[in-house]
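Heads up, structure38.cif below (mmCIF, C-alpha atoms and all ligand atoms):
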data_model
#
loop_
_atom_site.label_atom_id
_atom_site.label_comp_id
_atom_site.auth_asym_id
_atom_site.auth_seq_id
_atom_site.Cartn_x
_atom_site.Cartn_y
_atom_site.Cartn_z
CA MET A 1 -9.18 7.29 -32.62
CA GLU A 2 -5.90 8.89 -33.58
CA ARG A 3 -2.79 8.44 -31.52
CA VAL A 4 -1.21 11.82 -30.79
CA LEU A 5 2.18 12.53 -29.26
CA LEU A 6 2.44 15.88 -27.45
CA PHE A 7 5.79 17.61 -26.98
CA TYR A 8 6.56 19.71 -23.91
CA GLU A 9 9.33 22.22 -23.30
CA LYS A 10 11.54 21.10 -20.44
CA GLU A 11 10.91 24.28 -18.46
CA ASP A 12 7.16 23.72 -18.70
CA TYR A 13 7.29 20.20 -17.37
CA TYR A 14 6.47 20.96 -13.75
CA ASP A 15 3.68 23.40 -14.55
CA TYR A 16 2.16 20.87 -16.89
CA LYS A 17 2.52 18.10 -14.36
CA ASP A 18 0.98 20.21 -11.59
CA SER A 19 -1.96 21.30 -13.64
CA LYS A 20 -2.60 17.77 -14.85
CA SER A 21 -2.31 16.29 -11.40
CA LEU A 22 -4.99 18.72 -10.26
CA GLU A 23 -7.16 17.14 -12.90
CA GLY A 24 -6.42 13.73 -11.43
CA TYR A 25 -3.80 12.59 -13.94
CA SER A 26 -0.47 11.02 -13.18
CA ILE A 27 2.53 11.03 -15.48
CA ILE A 28 4.41 7.77 -15.73
CA SER A 29 7.55 7.08 -17.68
CA ILE A 30 7.44 4.48 -20.45
CA THR A 31 10.36 2.69 -18.78
CA LYS A 32 8.04 1.54 -16.03
CA PHE A 33 5.84 -0.24 -18.53
CA ILE A 34 8.80 -1.72 -20.33
CA HIS A 35 9.80 -3.35 -17.08
CA ASN A 36 6.30 -4.35 -16.17
CA LEU A 37 3.84 -4.76 -19.02
CA SER A 38 1.01 -5.87 -16.79
CA LEU A 39 0.98 -2.38 -15.25
CA ILE A 40 -0.83 -1.15 -18.37
CA SER A 41 -3.98 -3.01 -17.49
CA GLU A 42 -3.76 -2.01 -13.83
CA LEU A 43 -3.80 1.75 -14.47
CA TYR A 44 -6.78 3.70 -15.67
CA PRO A 45 -6.26 5.04 -19.21
CA GLU A 46 -8.47 8.05 -18.50
CA THR A 47 -6.11 9.40 -15.84
CA LEU A 48 -2.85 8.20 -17.33
CA ILE A 49 -0.20 10.24 -19.10
CA VAL A 50 2.76 8.32 -20.48
CA ASP A 51 6.05 10.10 -20.97
CA LEU A 52 7.90 8.56 -23.93
CA SER A 53 11.10 10.62 -23.58
CA ALA A 54 13.09 7.72 -22.19
CA LEU A 55 12.54 5.70 -25.40
CA THR A 56 15.52 7.44 -26.95
CA GLU A 57 17.71 5.53 -24.51
CA TYR A 58 16.87 2.29 -26.29
CA THR A 59 18.72 1.14 -29.38
CA THR A 60 15.70 -0.63 -30.83
CA ILE A 61 13.13 2.13 -30.41
CA GLN A 62 10.76 0.87 -33.07
CA SER A 63 10.37 -2.64 -31.81
CA VAL A 64 10.17 -1.59 -28.17
CA SER A 65 7.54 0.99 -29.06
CA GLU A 66 5.48 -1.35 -31.17
CA ARG A 67 5.39 -3.85 -28.36
CA ILE A 68 4.25 -1.30 -25.79
CA ILE A 69 2.43 1.65 -27.31
CA TYR A 70 -0.26 -0.39 -29.07
CA GLN A 71 -1.26 -1.80 -25.72
CA PHE A 72 -2.31 1.57 -24.35
CA LYS A 73 -5.89 2.60 -24.96
CA PRO A 74 -5.96 5.35 -27.64
CA GLU A 75 -7.31 7.89 -25.13
CA THR A 76 -4.13 7.58 -23.04
CA ILE A 77 -2.20 10.85 -23.33
CA LEU A 78 1.33 10.45 -24.69
CA ILE A 79 3.91 13.15 -24.07
CA CYS A 80 7.59 13.67 -24.78
CA ASP A 81 10.39 16.12 -24.08
CA LYS A 82 10.71 18.48 -27.08
CA ALA A 83 14.46 17.88 -27.11
CA LYS A 84 13.72 14.36 -28.33
CA GLN A 85 11.23 15.46 -30.98
CA GLU A 86 13.28 14.86 -34.09
CA LYS A 87 14.33 11.38 -33.15
CA LEU A 88 10.94 10.20 -31.97
CA GLU A 89 9.00 11.76 -34.84
CA TYR A 90 11.11 9.64 -37.14
CA GLU A 91 11.15 6.44 -35.13
CA LEU A 92 7.46 6.49 -34.26
CA ARG A 93 6.18 7.62 -37.66
CA PHE A 94 4.30 4.34 -38.18
CA ILE A 95 2.86 4.17 -34.71
CA ILE A 96 1.80 7.74 -33.94
CA ASP A 97 -0.73 9.46 -36.20
CA ARG A 98 -0.05 13.05 -35.23
CA PHE A 99 2.71 15.03 -33.50
CA GLU A 100 1.87 18.29 -31.75
CA ASN A 101 3.15 20.73 -29.17
CA ILE A 102 1.37 20.89 -25.86
CA ASN A 103 -0.86 23.94 -25.67
CA ARG A 104 0.93 26.09 -23.12
CA ALA A 105 -2.09 28.29 -22.50
CA SER A 106 -3.95 25.32 -21.08
CA PHE A 107 -1.71 25.09 -18.05
CA THR A 108 0.21 28.36 -17.67
CA ASP A 109 -3.02 30.26 -17.22
CA LYS A 110 -2.91 30.61 -13.44
CA GLU A 111 -6.47 31.88 -13.13
CA ARG A 112 -7.81 28.74 -14.63
CA LYS A 113 -5.66 26.75 -12.29
CA ILE A 114 -7.13 28.46 -9.27
CA THR A 115 -10.68 27.85 -10.34
CA VAL A 116 -10.14 24.15 -10.86
CA ASP A 117 -8.14 23.93 -7.68
CA THR A 118 -10.93 23.49 -5.20
CA GLU A 119 -13.04 21.06 -7.24
CA ASP A 120 -10.12 18.97 -8.25
CA GLU A 121 -8.65 18.70 -4.82
CA ASN A 122 -11.61 16.48 -4.08
CA LEU A 123 -10.91 14.46 -7.16
CA ILE A 124 -7.42 13.57 -5.96
CA THR A 125 -8.33 12.85 -2.38
CA LYS A 126 -11.42 10.82 -3.36
CA ARG A 127 -9.14 8.16 -4.79
CA HIS A 128 -8.36 6.90 -1.31
CA ARG A 129 -10.91 5.73 1.18
CA LYS A 130 -10.08 7.55 4.38
CA ILE A 131 -11.14 7.49 7.98
CA ILE A 132 -12.15 11.18 7.77
CA ASP A 133 -14.68 10.41 5.04
CA LEU A 134 -16.71 7.84 6.95
CA ASP A 135 -20.04 8.92 8.36
CA GLU A 136 -20.92 8.16 11.96
CA SER A 137 -22.51 4.79 11.34
CA GLU A 138 -19.70 3.68 9.04
CA LEU A 139 -17.27 4.70 11.74
CA GLU A 140 -19.10 2.56 14.30
CA ILE A 141 -18.85 -0.44 12.00
CA PHE A 142 -15.19 0.33 11.39
CA PHE A 143 -14.36 0.25 15.11
CA GLU A 144 -16.42 -2.83 15.73
CA LYS A 145 -14.57 -4.74 13.02
CA PHE A 146 -11.22 -3.33 14.08
CA ARG A 147 -11.67 -4.49 17.66
CA LYS A 148 -12.64 -7.97 16.51
CA ARG A 149 -9.82 -8.43 14.04
CA LEU A 150 -7.00 -7.27 16.29
CA TYR A 151 -6.64 -9.50 19.33
CA GLY A 152 -5.60 -8.14 22.72
CA HIS A 153 -4.18 -4.61 23.09
CA ALA A 154 -7.37 -3.40 24.74
CA LYS A 155 -5.91 -0.10 25.90
CA PHE A 156 -4.54 0.64 22.45
CA LYS A 157 -7.92 -0.05 20.86
CA ASP A 158 -9.63 2.39 23.23
CA ASP A 159 -6.97 5.03 22.66
CA PHE A 160 -7.05 4.51 18.92
CA GLU A 161 -10.77 5.13 18.83
CA GLU A 162 -10.34 8.32 20.80
CA GLN A 163 -7.44 9.45 18.58
CA VAL A 164 -9.47 8.87 15.44
CA ARG A 165 -12.47 10.75 16.76
CA THR A 166 -10.34 13.76 17.74
CA PHE A 167 -8.49 13.60 14.44
CA ARG A 168 -11.72 13.73 12.44
CA VAL A 169 -12.81 16.91 14.21
CA PHE A 170 -9.50 18.74 13.93
CA ASN A 171 -8.94 17.58 10.38
CA LYS A 172 -12.23 19.22 9.41
CA LEU A 173 -10.97 22.41 11.03
CA LYS A 174 -7.82 22.02 8.91
CA GLU A 175 -5.67 21.83 12.02
CA HIS A 176 -4.60 18.24 11.88
CA LYS A 177 -3.56 16.80 8.54
CA ILE A 178 -2.30 13.33 9.30
CA LEU A 179 -2.90 10.94 12.16
CA SER A 180 0.42 9.37 13.09
CA LEU A 181 0.80 6.32 15.31
CA PHE A 182 4.13 5.06 16.52
CA LEU A 183 4.00 1.45 17.68
CA MET A 184 6.84 -0.25 19.46
CA GLY A 185 7.10 -3.68 20.99
CA GLU A 186 8.35 -7.20 20.52
CA SER A 187 8.18 -9.12 17.29
CA GLY A 188 4.96 -10.78 16.19
CA VAL A 189 2.52 -9.11 18.55
CA GLY A 190 0.48 -7.26 15.95
CA LYS A 191 2.16 -3.92 15.19
CA THR A 192 2.08 -4.36 11.44
CA GLU A 193 -1.26 -6.07 11.82
CA VAL A 194 -2.70 -2.73 12.99
CA ALA A 195 -2.10 -1.17 9.58
CA ARG A 196 -3.37 -4.27 7.76
CA THR A 197 -6.48 -4.21 9.90
CA ILE A 198 -7.16 -0.52 9.25
CA PHE A 199 -6.74 -1.23 5.55
CA ASP A 200 -9.18 -4.15 5.61
CA CYS A 201 -11.71 -2.34 7.79
CA LEU A 202 -11.68 0.56 5.33
CA GLN A 203 -12.47 -2.05 2.70
CA GLY A 204 -9.30 -1.76 0.68
CA ASN A 205 -9.34 -3.79 -2.51
CA LYS A 206 -5.88 -3.01 -3.74
CA LYS A 207 -2.71 -3.23 -1.69
CA LEU A 208 -1.79 -1.66 1.60
CA ALA A 209 0.85 1.05 1.02
CA LYS A 210 3.83 -0.28 2.90
CA ILE A 211 7.41 0.88 3.05
CA ASN A 212 10.09 -0.94 4.97
CA PHE A 213 12.68 1.53 6.22
CA GLY A 214 15.05 -1.38 6.76
CA ASN A 215 15.62 -1.08 2.99
CA TYR A 216 16.45 2.60 3.27
CA SER A 217 19.41 2.76 5.54
CA ASN A 218 22.15 3.94 3.19
CA GLU A 219 23.11 7.47 2.24
CA PHE A 220 21.03 7.41 -0.96
CA SER A 221 17.92 6.35 0.85
CA LEU A 222 16.02 9.60 0.57
CA SER A 223 16.41 9.83 -3.18
CA SER A 224 15.32 6.25 -3.73
CA LEU A 225 12.33 6.83 -1.52
CA ILE A 226 11.11 10.08 -3.04
CA GLY A 227 12.52 9.88 -6.56
CA SER A 228 15.69 10.47 -8.45
CA ALA A 229 17.40 13.82 -8.64
CA ARG A 230 16.23 16.68 -10.80
CA GLY A 231 17.21 16.48 -14.41
CA TYR A 232 16.02 12.96 -14.97
CA ILE A 233 12.66 14.03 -16.25
CA GLY A 234 10.39 11.13 -16.89
CA SER A 235 12.35 8.77 -14.72
CA GLU A 236 10.61 6.83 -12.02
CA ASP A 237 9.49 8.60 -8.92
CA GLY A 238 10.24 7.04 -5.58
CA GLU A 239 8.73 3.96 -4.00
CA ILE A 240 6.60 5.91 -1.58
CA PHE A 241 4.75 7.79 -4.33
CA MET A 242 4.21 4.61 -6.26
CA LYS A 243 2.82 2.79 -3.23
CA VAL A 244 0.46 5.63 -2.28
CA ARG A 245 -0.74 5.98 -5.84
CA GLU A 246 -1.37 2.27 -6.12
CA THR A 247 -3.41 1.85 -2.97
CA ASP A 248 -7.06 2.71 -2.54
CA VAL A 249 -7.01 3.37 1.21
CA GLY A 250 -5.66 6.35 3.13
CA VAL A 251 -3.25 4.46 5.31
CA LEU A 252 0.51 4.23 5.01
CA LEU A 253 2.65 1.74 6.90
CA ILE A 254 6.27 2.53 7.65
CA ASP A 255 7.90 -0.59 9.07
CA GLU A 256 11.21 -0.66 10.94
CA PHE A 257 11.21 3.09 11.23
CA GLU A 258 14.35 3.25 13.39
CA LYS A 259 16.49 1.61 10.65
CA SER A 260 16.60 4.75 8.60
CA ASN A 261 18.69 7.92 8.86
CA SER A 262 18.20 11.57 9.76
CA ALA A 263 17.47 12.69 6.18
CA LEU A 264 14.42 10.46 6.14
CA PHE A 265 13.40 11.41 9.65
CA ASN A 266 13.45 15.07 8.67
CA TYR A 267 11.51 14.40 5.52
CA PHE A 268 8.80 12.78 7.60
CA LEU A 269 8.72 15.66 10.05
CA GLU A 270 7.73 17.82 7.12
CA VAL A 271 5.17 15.33 5.80
CA LEU A 272 3.43 15.05 9.17
CA GLU A 273 3.31 18.80 9.44
CA SER A 274 2.18 19.70 5.96
CA GLY A 275 0.08 16.68 5.00
CA LYS A 276 1.96 16.61 1.72
CA MET A 277 4.71 14.49 0.28
CA THR A 278 7.06 16.21 -2.11
CA SER A 279 9.12 14.22 -4.57
CA SER A 280 12.62 15.26 -5.50
CA LEU A 281 11.16 16.45 -8.80
CA GLY A 282 9.05 18.89 -6.86
CA GLU A 283 5.83 16.95 -7.39
CA GLU A 284 3.47 17.23 -4.45
CA MET A 285 1.09 14.56 -3.32
CA ASP A 286 -1.63 15.54 -0.94
CA ILE A 287 -2.14 12.90 1.74
CA ASN A 288 -4.36 14.94 4.01
CA GLY A 289 -6.59 12.64 6.06
CA PHE A 290 -4.20 9.69 5.95
CA ILE A 291 -3.25 7.55 8.92
CA ILE A 292 0.48 6.77 9.02
CA VAL A 293 1.46 3.81 11.16
CA PHE A 294 5.13 3.70 12.09
CA THR A 295 6.37 0.49 13.65
CA SER A 296 9.63 -0.24 15.39
CA ASN A 297 11.32 -3.00 17.35
CA ILE A 298 13.47 -0.70 19.46
CA PRO A 299 13.12 -1.29 23.18
CA LYS A 300 11.48 1.47 25.17
CA SER A 301 14.80 2.44 26.72
CA ASP A 302 16.22 3.27 23.28
CA PHE A 303 13.30 5.31 22.11
CA GLN A 304 14.67 8.59 23.41
CA LYS A 305 18.14 7.86 22.08
CA ARG A 306 17.15 6.82 18.57
CA ILE A 307 14.27 9.14 17.77
CA SER A 308 14.83 12.88 17.94
CA PRO A 309 12.71 14.98 20.31
CA GLU A 310 11.23 16.94 17.36
CA LEU A 311 10.04 13.78 15.76
CA ARG A 312 8.93 12.22 19.01
CA SER A 313 6.71 15.16 19.74
CA ARG A 314 5.29 15.05 16.24
CA PHE A 315 3.76 11.58 16.60
CA ASP A 316 0.17 11.87 17.70
CA TYR A 317 0.23 8.63 19.58
CA LYS A 318 2.99 6.40 20.87
CA CYS A 319 2.41 2.98 22.28
CA ILE A 320 4.31 -0.10 23.39
CA PHE A 321 2.64 -3.31 22.40
CA THR A 322 2.99 -5.94 25.08
CA LEU A 323 2.72 -9.69 24.60
CA LEU A 324 -0.75 -11.07 24.12
CA SER A 325 -2.33 -12.88 27.02
CA ASP A 326 -2.91 -16.63 26.78
CA VAL A 327 -6.63 -16.01 26.54
CA ASP A 328 -6.11 -13.76 23.49
CA LYS A 329 -3.74 -16.25 21.92
CA ARG A 330 -6.37 -18.98 22.30
CA LYS A 331 -8.97 -16.70 20.75
CA TYR A 332 -6.61 -16.16 17.87
CA ILE A 333 -6.18 -19.91 17.36
CA GLU A 334 -9.92 -20.37 17.47
CA PHE A 335 -10.35 -17.67 14.85
CA ARG A 336 -7.71 -19.24 12.57
CA ALA A 337 -9.19 -22.71 13.03
CA LYS A 338 -12.64 -21.40 12.18
CA SER A 339 -11.47 -19.69 9.06
CA ILE A 340 -9.61 -22.82 7.89
CA GLY A 341 -12.72 -24.87 8.64
CA LYS A 342 -14.85 -22.49 6.62
CA LYS A 343 -12.53 -22.62 3.65
CA VAL A 344 -12.42 -26.40 3.74
CA ARG A 345 -16.21 -26.52 3.80
CA SER A 346 -16.69 -24.15 0.92
CA GLU A 347 -13.88 -25.51 -1.26
CA LEU A 348 -14.04 -29.22 -0.56
CA GLY A 349 -17.50 -29.67 0.90
CA ILE A 350 -16.15 -31.39 4.02
CA GLU A 351 -17.11 -30.31 7.53
CA ILE A 352 -14.14 -30.49 9.90
CA SER A 353 -14.58 -27.37 12.08
CA ASP A 354 -16.20 -29.09 15.03
CA LYS A 355 -13.21 -31.40 15.38
CA LEU A 356 -10.45 -29.07 14.21
CA ILE A 357 -11.10 -26.19 16.63
CA PRO A 358 -10.91 -28.20 19.87
CA TYR A 359 -8.03 -30.22 18.45
CA LEU A 360 -5.88 -27.16 17.72
CA ILE A 361 -6.73 -25.47 21.00
CA SER A 362 -5.83 -28.55 23.00
CA GLN A 363 -2.63 -29.29 21.08
CA ILE A 364 -1.01 -25.87 21.12
CA ASN A 365 0.42 -24.76 24.42
CA VAL A 366 0.00 -21.02 23.97
CA SER A 367 1.99 -19.98 27.00
CA SER A 368 5.19 -21.24 25.41
CA TYR A 369 4.92 -18.78 22.49
CA LYS A 370 5.49 -15.05 22.47
CA ASN A 371 5.47 -14.40 18.76
CA MET A 372 2.19 -15.02 16.96
CA ARG A 373 4.11 -16.05 13.88
CA ASP A 374 5.42 -19.03 15.85
CA ILE A 375 1.87 -19.88 16.82
CA ASN A 376 0.97 -19.76 13.15
CA LYS A 377 3.81 -22.16 12.32
CA GLU A 378 2.65 -24.50 15.06
CA LEU A 379 -0.89 -24.27 13.74
CA LYS A 380 0.36 -25.44 10.38
CA LYS A 381 2.20 -28.41 11.87
CA GLU A 382 -0.75 -29.45 14.00
CA PHE A 383 -3.11 -29.05 11.09
CA LEU A 384 -0.96 -31.50 9.12
CA LYS A 385 -1.16 -34.01 11.95
CA PHE A 386 -4.89 -33.53 12.09
CA LEU A 387 -5.10 -34.21 8.35
CA THR A 388 -3.13 -37.42 8.60
CA ALA A 389 -5.40 -38.64 11.36
CA TYR A 390 -8.45 -37.57 9.38
CA GLN A 391 -7.21 -39.33 6.25
CA ASN A 392 -6.51 -42.54 8.19
CA SER A 393 -9.95 -42.47 9.70
CA ILE A 394 -11.69 -42.22 6.34
CA ASP A 395 -9.38 -44.82 4.82
CA GLU A 396 -10.36 -47.19 7.57
CA ILE A 397 -14.04 -46.79 6.85
CA ASP A 398 -13.59 -47.19 3.15
CA ASN A 399 -10.54 -48.88 1.71
CA ASN A 400 -10.76 -46.89 -1.44
CA THR A 401 -7.56 -45.05 -2.44
CA SER A 402 -8.80 -42.99 -5.29
CA PRO A 403 -6.46 -40.28 -6.62
CA GLN A 404 -8.87 -37.68 -5.32
CA ARG A 405 -8.46 -38.98 -1.81
CA THR A 406 -4.66 -39.21 -1.89
CA GLY A 407 -4.46 -35.59 -3.00
CA LEU A 408 -6.52 -34.51 -0.02
CA ALA A 409 -3.65 -33.40 2.18
CA LYS A 410 -2.19 -31.25 -0.56
CA ARG A 411 -5.50 -29.65 -1.34
CA PHE A 412 -6.13 -28.99 2.34
CA LEU A 413 -2.76 -27.41 2.73
CA SER A 414 -3.25 -25.00 -0.11
CA LEU A 415 -6.32 -23.75 1.73
CA PHE A 416 -4.31 -23.08 4.81
CA GLU A 417 -2.67 -20.02 3.30
CA TYR A 418 -4.47 -16.75 3.86
N1 LIG A 501 -2.87 -8.81 18.11
C1 LIG A 501 -3.00 -9.56 17.02
N2 LIG A 501 -4.22 -9.74 16.47
C2 LIG A 501 -4.35 -10.47 15.36
N3 LIG A 501 -3.36 -11.07 14.73
C3 LIG A 501 -2.13 -10.94 15.21
C4 LIG A 501 -1.90 -10.16 16.37
N4 LIG A 501 -0.58 -10.20 16.64
C5 LIG A 501 -0.02 -10.93 15.69
N5 LIG A 501 -0.94 -11.40 14.82
C6 LIG A 501 -0.68 -12.30 13.70
O1 LIG A 501 0.71 -12.61 13.70
C7 LIG A 501 1.35 -12.23 12.51
C8 LIG A 501 2.53 -11.35 12.86
O2 LIG A 501 2.10 -10.11 13.39
P1 LIG A 501 2.68 -8.71 12.92
O3 LIG A 501 3.14 -8.82 11.51
O4 LIG A 501 1.71 -7.65 13.21
O5 LIG A 501 3.92 -8.60 13.88
P2 LIG A 501 4.76 -7.33 14.31
O6 LIG A 501 4.36 -6.94 15.68
O7 LIG A 501 4.67 -6.29 13.25
O8 LIG A 501 6.20 -7.97 14.40
P3 LIG A 501 7.61 -7.49 13.79
O9 LIG A 501 8.14 -6.51 14.77
O10 LIG A 501 8.41 -8.75 13.74
O11 LIG A 501 7.34 -6.92 12.44
C9 LIG A 501 0.34 -11.48 11.69
O12 LIG A 501 0.29 -12.01 10.41
C10 LIG A 501 -0.99 -11.70 12.36
O13 LIG A 501 -1.74 -12.63 11.67
MG MG A 502 5.93 -5.82 11.62
#

Rewrite the structure from the file as structure tokens, please.
Amino acid sequence: MERVLLFYEKEDYYDYKDSKSLEGYSIISITKFIHNLSLISELYPETLIVDLSALTEYTTIQSVSERIIYQFKPETILICDKAKQEKLEYELRFIIDRFENINRASFTDKERKITVDTEDENLITKRHRKIIDLDESELEIFFEKFRKRLYGHAKFKDDFEEQVRTFRVFNKLKEHKILSLFLMGESGVGKTEVARTIFDCLQGNKKLAKINFGNYSNEFSLSSLIGSARGYIGSEDGEIFMKVRETDVGVLLIDEFEKSNSALFNYFLEVLESGKMTSSLGEEMDINGFIIVFTSNIPKSDFQKRISPELRSRFDYKCIFTLLSDVDKRKYIEFRAKSIGKKVRSELGIEISDKLIPYLISQINVSSYKNMRDINKELKKEFLKFLTAYQNSIDEIDNNTSPQRTGLAKRFLSLFEY
């Protein structure tokens, strides 16, 4: 198959991009691949368009291009700003078989655009598994798993179920685009875990889309979040677009929401309202049907001060997560102990669960911990102690110190990670 490079006129860029995104394509600048070669294998060639314009910024165009372009499947569409045509036609003459102009008629024909609109809308939204797409029995399973995975917070779990059910109805009526949850409360009680759990229960295989607003507290935050300013065609779009594109589940986590500034708050007002995210290049991404989980550590008393009334009223559900009860903390330890036990059995063929679970429960005084992360740390420490005792007991029975045996603790520990 021939490799073709298509040139676009600058003023056509957005029309081309829009029409292609309706067909399910995304345009990514070559610079992204230069920084991260492994991205090539992660993206699907059949929906990928690579913009080569930025190559002219490199002094060694030929060698950079040879390294990268051959790695794309031949069906990957390659495009470039017409202003760079002369330079790239020369530099890429050994790599590209044919140079052509993009056929304007294929995307400036508005009628055609309208006809593909409705079909292709599905194409874009189908990429993410969303709560609105589950049928009734799938939804039942979803809630059952969700309730099991997240410990405590009984009221929240009931409310969440009700929120989701209402959302599904009004979303169908096109009256409610995004379900937004705002979770406050102390550290380590499961706020972020809510988004992780939704992601897992919707069977996400890729990565949860997560943005930490703590990283977006300066004056340039909005442009780094939603892309660089106009004029830099082909440059990277912002983190939020990348994260949403790279995930396979319709949930977005915004951590440390209060750390950001009013520009970002206002941007999100618009997103919640319209169900669309717009990049600074004018690119729109439809996130209708998504759940957005905002988390924050601000105390309840500061909520009114820090979050504007417009925004406050825009969240569908606000909740303060309280500390888990001792009973829930013990259940959590039991769950962790079981999962470690299972891993040990399947990886090393040794059965320790029946001893490990009661050991961990008896050793960890749950009432002295508020943050579940601290309980996790304690679990790790106690597990190490358990291992030492276990090792001593088998060494006593059999005085053999084979290398396999001495490496036991290390191998156990590597299983401890999630
Ligand atoms: N209710 C819970 N159910 C299950 N696991 C939990 C729960 N609360 C905390 N955890 C566990 O503790 C760890 C920390 O929880 P999480 O990240 O949700 O804290 P957080 O409330 O978001 O805290 P922070 O405000 O510091 O971000 C998680 O990895 C999770 O395994
Ligand atoms: Mg968190």

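Note that the spacing between atom CA of Asp326 of chain A and atom N1 of ligand LIG 501 (chain A) amounts to 11.7 Å.
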
Tell me, as a list in words, which residues lie within 7 Å of segment 314-316 of chain A, counting only C-alpha atoms; anything in the same chain fewer than 3 positions away does not count.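 Within the cut-off, the hits are Leu179, Ser180, Leu181, Phe182, Glu310 and Leu311 of chain A.
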
Could you write those residues out with C-alpha atoms, as a PDB file, in the frame of the given file?
ATOM      1  CA  LEU A 179      -2.900  10.940  12.160  1.00  0.00           C
ATOM      2  CA  SER A 180       0.420   9.370  13.090  1.00  0.00           C
ATOM      3  CA  LEU A 181       0.800   6.320  15.310  1.00  0.00           C
ATOM      4  CA  PHE A 182       4.130   5.060  16.520  1.00  0.00           C
ATOM      5  CA  GLU A 310      11.230  16.940  17.360  1.00  0.00           C
ATOM      6  CA  LEU A 311      10.040  13.780  15.760  1.00  0.00           C
TER       7      LEU A 311
END

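Proximity to Tyr151 of chain A was assessed for A:Glu239, A:Glu100, A:Glu193, A:Glu273 counting all atoms listed in the file; the smallest distance is recorded for A:Glu193.
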
Would you mind telling me which residue in A:Phe72, A:Tyr90, A:Tyr25, A:Tyr16 lies nearest to Thr56 of chain A when using only C-alpha atoms?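 Of A:Phe72, A:Tyr90, A:Tyr25, A:Tyr16, the one nearest Thr56 of chain A is A:Tyr90, counting only C-alpha atoms.
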
Between A:Asp159, A:Asp135, A:Glu144, A:Glu186, which is the closest to Asn371 of chain A once you count only C-alpha atoms?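 Looking only at the distances to Asn371 of chain A, the closest residue turns out to be A:Glu186.
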
Which residues are close to Cys319 of chain A, i.e. within 10 Å by all atoms listed in the file, leaving aside same-chain residues fewer than 5 positions away? Reply as an mmCIF file with C-alpha atoms, in the coordinates of the input.
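Full text of selection13.cif as output:
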data_model
loop_
_atom_site.group_PDB
_atom_site.id
_atom_site.type_symbol
_atom_site.label_atom_id
_atom_site.label_comp_id
_atom_site.auth_asym_id
_atom_site.auth_seq_id
_atom_site.Cartn_x
_atom_site.Cartn_y
_atom_site.Cartn_z
ATOM 1 C CA LYS A 155 -5.910 -0.100 25.900
ATOM 2 C CA PHE A 156 -4.540 0.640 22.450
ATOM 3 C CA ASP A 159 -6.970 5.030 22.660
ATOM 4 C CA LEU A 181 0.800 6.320 15.310
ATOM 5 C CA PHE A 182 4.130 5.060 16.520
ATOM 6 C CA LEU A 183 4.000 1.450 17.680
ATOM 7 C CA MET A 184 6.840 -0.250 19.460
ATOM 8 C CA GLY A 185 7.100 -3.680 20.990
ATOM 9 C CA LYS A 191 2.160 -3.920 15.190
ATOM 10 C CA THR A 295 6.370 0.490 13.650
ATOM 11 C CA LYS A 300 11.480 1.470 25.170
#

Report, in Å to a single decimal, how far apart atom CA of Asn297 of chain A and atom CA of Phe142 of chain A are. 27.4 Å

Find the distance between atom CA of Val50 of chain A and atom CA of Ile79 of chain A and write it in Å to one decimal.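 So the answer is 6.1 Å.
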
Using all atoms listed in the file, what are the residues with an atom within 10 Å of ligand LIG 501 (chain A), set out as number ranges by chain? A: 146-154, 183-197, 212, 255-256, 295-298, 321-325, 328-329, 331-333, 335-336, 370-376, 418

Quick one: residues within 12 Å of Glu42 of chain A, all atoms listed in the file counted, chain neighbours fewer than 5 positions away excluded, as a VMD selection string? chain A and resid 33 36 to 37 47 to 48 72 206 245 to 247

Box time for segment 278-290 of chain A: axis-aligned, enclosing all its listed atoms, 8 Å extra on each side; report centre and edge lengths in Å to one decimal, as lines of an AutoDock Vina configuration file.
center_x = 3.0
center_y = 14.3
center_z = -1.4
size_x = 35.2
size_y = 25.2
size_z = 30.9

May I have the protein, DNA and RNA residues with any atom at most 12 Å from the point (-9.8, -4.2, 2.6), counting all atoms listed in the file, written as a list in words? His128, Arg129, Lys130, Phe142, Lys145, Phe146, Ala195, Arg196, Thr197, Ile198, Phe199, Asp200, Cys201, Leu202, Gln203, Gly204, Asn205, Lys206, Lys207, Leu208, Ala209, Thr247, Asp248, Val249, Gly250 and Val251 of chain A

From the list A:Phe213, A:Thr31, A:Phe99, A:Arg312, which residue is nearest ligand MG 502 (chain A) when using all atoms listed in the file? A:Phe213

Hey, which of A:Asp286, A:Glu66, A:Glu270, A:Glu57 ends up closest to Leu92 of chain A? Count only C-alpha atoms.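 Among the listed residues, A:Glu66 lies closest to Leu92 of chain A.
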
Given all atoms listed in the file as the counted atoms, nearest of A:Val4, A:Leu253, A:Leu348, A:Ile141 to Glu75 of chain A: A:Val4

List the spatial neighbours of Gly238 of chain A as a JSON list (two decimals) with C-alpha atoms, in the frame of the given file - criterion: any atom at most 9 Å away, all atoms listed in the file, same-chain residues fewer than 2 positions off excluded.
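Writing the result to result-v2.json gives the following:
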[["chain", "number", "residue", "atom", "x", "y", "z"],
["A", 222, "LEU", "CA", 16.02, 9.60, 0.57],
["A", 223, "SER", "CA", 16.41, 9.83, -3.18],
["A", 224, "SER", "CA", 15.32, 6.25, -3.73],
["A", 225, "LEU", "CA", 12.33, 6.83, -1.52],
["A", 226, "ILE", "CA", 11.11, 10.08, -3.04],
["A", 227, "GLY", "CA", 12.52, 9.88, -6.56],
["A", 228, "SER", "CA", 15.69, 10.47, -8.45],
["A", 236, "GLU", "CA", 10.61, 6.83, -12.02],
["A", 240, "ILE", "CA", 6.60, 5.91, -1.58],
["A", 241, "PHE", "CA", 4.75, 7.79, -4.33],
["A", 242, "MET", "CA", 4.21, 4.61, -6.26],
["A", 243, "LYS", "CA", 2.82, 2.79, -3.23],
["A", 279, "SER", "CA", 9.12, 14.22, -4.57],
["A", 280, "SER", "CA", 12.62, 15.26, -5.50]]
